[in-house]
Amino acid sequence: MARKTAKANVTRKINEIAELVKDINNLERVQSVYYDFEESLRKFTLAHGNYHANLTDEDDVQESETYYSVEVRRTSAFKDRIKTWLENNEFCHKNRTEQFNEIRPSDSVSNIGSRTDCGSKS
């Protein structure tokens, strides 16, 4: 796979996840697409390595190293943000599930549906 194509796949996954994280109800979909993102990032790294290994001109080598370094910083920052989002929302989802499954003595049938959760938006 060409490096350009591999990078485009990474960017597509980033854009898809960025849209999905706008709603906590997309937790499972974000988890799934994040897995795809990591796979596309792995393929980009391989494609970059193959591209870089064929360079002979020192300026091209330096440009390739800079290009890759920028992409690593960009994707690392994105991964950190999404991992935090996933951790926070997995916690909220778990607590919300436990909260709705637990019946307390103070509960009445009329207010069970009005319990609050972590929110529907991130």
# chains A, B, ... in the order shown; residues from 1 in each chain; ligands from 1
>>> residues_around(residues="stretch 28-40 of chain A", least_positions_apart="2", cutoff="12 Å", atoms="only C-alpha atoms", output="PyMOL selection string")
chain A and resi 1+3+5-26+42-47+75-76+78-83+85-87+89-90+93
>>> write_last_selection(atoms="N, CA and C atoms", output="compact mmCIF listing (two decimals), in the first residue's frame")
# COMPACT_ATOMS: atom_id res chain seq x y z
N MET A 1 0.86 -1.18 0.00
CA MET A 1 0.00 0.00 0.00
C MET A 1 0.90 1.24 0.00
N ARG A 3 2.16 4.98 0.77
CA ARG A 3 2.13 5.79 1.99
C ARG A 3 1.00 6.81 1.94
N THR A 5 -1.88 6.65 0.35
CA THR A 5 -3.16 5.94 0.55
C THR A 5 -3.33 5.56 2.01
N ALA A 6 -2.25 5.06 2.62
CA ALA A 6 -2.31 4.65 4.02
C ALA A 6 -2.61 5.85 4.92
N LYS A 7 -1.99 7.00 4.63
CA LYS A 7 -2.25 8.20 5.43
C LYS A 7 -3.69 8.65 5.24
N ALA A 8 -4.21 8.57 4.03
CA ALA A 8 -5.60 8.96 3.77
C ALA A 8 -6.56 8.08 4.57
N ASN A 9 -6.23 6.79 4.69
CA ASN A 9 -7.08 5.89 5.49
C ASN A 9 -7.06 6.27 6.96
N VAL A 10 -5.89 6.65 7.47
CA VAL A 10 -5.78 7.11 8.86
C VAL A 10 -6.63 8.35 9.06
N THR A 11 -6.51 9.29 8.16
CA THR A 11 -7.26 10.54 8.27
C THR A 11 -8.77 10.30 8.21
N ARG A 12 -9.20 9.39 7.35
CA ARG A 12 -10.63 9.04 7.28
C ARG A 12 -11.13 8.51 8.61
N LYS A 13 -10.35 7.64 9.24
CA LYS A 13 -10.75 7.08 10.54
C LYS A 13 -10.78 8.15 11.61
N ILE A 14 -9.81 9.06 11.58
CA ILE A 14 -9.80 10.16 12.55
C ILE A 14 -11.07 11.00 12.38
N ASN A 15 -11.40 11.33 11.15
CA ASN A 15 -12.60 12.13 10.90
C ASN A 15 -13.87 11.41 11.32
N GLU A 16 -13.92 10.12 11.07
CA GLU A 16 -15.10 9.33 11.45
C GLU A 16 -15.26 9.30 12.97
N ILE A 17 -14.18 9.05 13.67
CA ILE A 17 -14.23 9.01 15.13
C ILE A 17 -14.57 10.39 15.69
N ALA A 18 -14.00 11.43 15.12
CA ALA A 18 -14.27 12.80 15.60
C ALA A 18 -15.76 13.11 15.52
N GLU A 19 -16.42 12.61 14.52
CA GLU A 19 -17.88 12.80 14.39
C GLU A 19 -18.61 11.96 15.43
N LEU A 20 -18.20 10.73 15.60
CA LEU A 20 -18.89 9.80 16.50
C LEU A 20 -18.80 10.23 17.97
N VAL A 21 -17.69 10.80 18.38
CA VAL A 21 -17.52 11.13 19.80
C VAL A 21 -18.37 12.32 20.24
N LYS A 22 -19.09 12.89 19.32
CA LYS A 22 -19.99 13.99 19.68
C LYS A 22 -21.20 13.49 20.46
N ASP A 23 -21.40 12.17 20.48
CA ASP A 23 -22.56 11.60 21.17
C ASP A 23 -22.12 10.36 21.95
N ILE A 24 -22.33 10.38 23.27
CA ILE A 24 -21.93 9.26 24.14
C ILE A 24 -22.62 7.96 23.73
N ASN A 25 -23.76 8.05 23.08
CA ASN A 25 -24.47 6.85 22.65
C ASN A 25 -23.73 6.07 21.57
N ASN A 26 -22.67 6.65 21.03
CA ASN A 26 -21.86 6.00 20.00
C ASN A 26 -20.68 5.23 20.59
N ARG A 42 -1.19 1.29 11.84
CA ARG A 42 -0.14 0.27 11.70
C ARG A 42 0.26 0.13 10.22
N LYS A 43 -0.74 0.14 9.34
CA LYS A 43 -0.45 0.02 7.90
C LYS A 43 0.28 1.25 7.39
N PHE A 44 -0.07 2.42 7.91
CA PHE A 44 0.64 3.65 7.53
C PHE A 44 2.10 3.56 7.94
N THR A 45 2.35 3.08 9.16
CA THR A 45 3.72 2.95 9.65
C THR A 45 4.53 2.02 8.76
N LEU A 46 3.93 0.92 8.36
CA LEU A 46 4.61 -0.02 7.45
C LEU A 46 4.86 0.62 6.09
N ALA A 47 3.86 1.29 5.56
CA ALA A 47 3.99 1.94 4.25
C ALA A 47 5.07 3.02 4.29
N THR A 75 -1.17 11.86 15.34
CA THR A 75 -1.96 10.68 15.67
C THR A 75 -1.84 10.31 17.14
N SER A 76 -0.70 10.57 17.75
CA SER A 76 -0.54 10.30 19.18
C SER A 76 -1.46 11.19 20.01
N PHE A 78 -4.22 12.52 19.01
CA PHE A 78 -5.59 12.04 18.77
C PHE A 78 -5.87 10.79 19.58
N LYS A 79 -4.94 9.85 19.58
CA LYS A 79 -5.11 8.61 20.35
C LYS A 79 -5.31 8.91 21.83
N ASP A 80 -4.52 9.84 22.36
CA ASP A 80 -4.67 10.21 23.77
C ASP A 80 -6.06 10.76 24.06
N ARG A 81 -6.54 11.65 23.19
CA ARG A 81 -7.88 12.22 23.38
C ARG A 81 -8.97 11.15 23.32
N ILE A 82 -8.86 10.25 22.37
CA ILE A 82 -9.90 9.23 22.21
C ILE A 82 -9.82 8.20 23.34
N LYS A 83 -8.62 7.84 23.76
CA LYS A 83 -8.50 6.92 24.89
C LYS A 83 -9.15 7.52 26.14
N TRP A 85 -11.55 9.79 26.16
CA TRP A 85 -13.00 9.80 25.91
C TRP A 85 -13.58 8.41 26.17
N LEU A 86 -12.91 7.39 25.67
CA LEU A 86 -13.39 6.02 25.86
C LEU A 86 -13.41 5.65 27.34
N GLU A 87 -12.33 5.96 28.05
CA GLU A 87 -12.28 5.64 29.48
C GLU A 87 -13.40 6.33 30.24
N ASN A 89 -16.26 7.54 29.10
CA ASN A 89 -17.58 7.11 28.70
C ASN A 89 -17.85 5.64 28.99
N GLU A 90 -16.82 4.82 29.03
CA GLU A 90 -17.00 3.44 29.48
C GLU A 90 -17.38 3.44 30.96
N HIS A 93 -20.95 4.63 31.15
CA HIS A 93 -21.85 3.59 30.65
C HIS A 93 -22.01 2.48 31.69
>>> residues_around(residues="A:Tyr68", least_positions_apart="6", cutoff="10 Å", atoms="only C-alpha atoms", output="PyMOL selection string")
chain A and resi 44-45+48-49+52+62+74
>>> write_last_selection(atoms="C-alpha atoms", output="PDB file, in the first residue's frame")
ATOM      1  CA  PHE A  44       0.640   3.646   7.527  1.00  0.00           C
ATOM      2  CA  THR A  45       3.719   2.955   9.647  1.00  0.00           C
ATOM      3  CA  HIS A  48       6.134   4.797   5.526  1.00  0.00           C
ATOM      4  CA  GLY A  49       8.928   2.377   6.420  1.00  0.00           C
ATOM      5  CA  HIS A  52      11.575   5.636   3.551  1.00  0.00           C
ATOM      6  CA  GLN A  62      15.213  14.325   6.056  1.00  0.00           C
ATOM      7  CA  ARG A  74      -0.759  14.239  15.283  1.00  0.00           C
TER       8      ARG A  74
END
>>> atom_distance(atom1="atom CA of A:Lys4", atom2="atom CA of A:Thr56")
19.1 Å
>>> atom_distance(atom1="atom CA of A:Ala2", atom2="atom CA of A:Leu41")
13.0 Å
>>> atom_distance(atom1="atom CA of A:Asn50", atom2="atom CA of A:Arg73")
19.9 Å
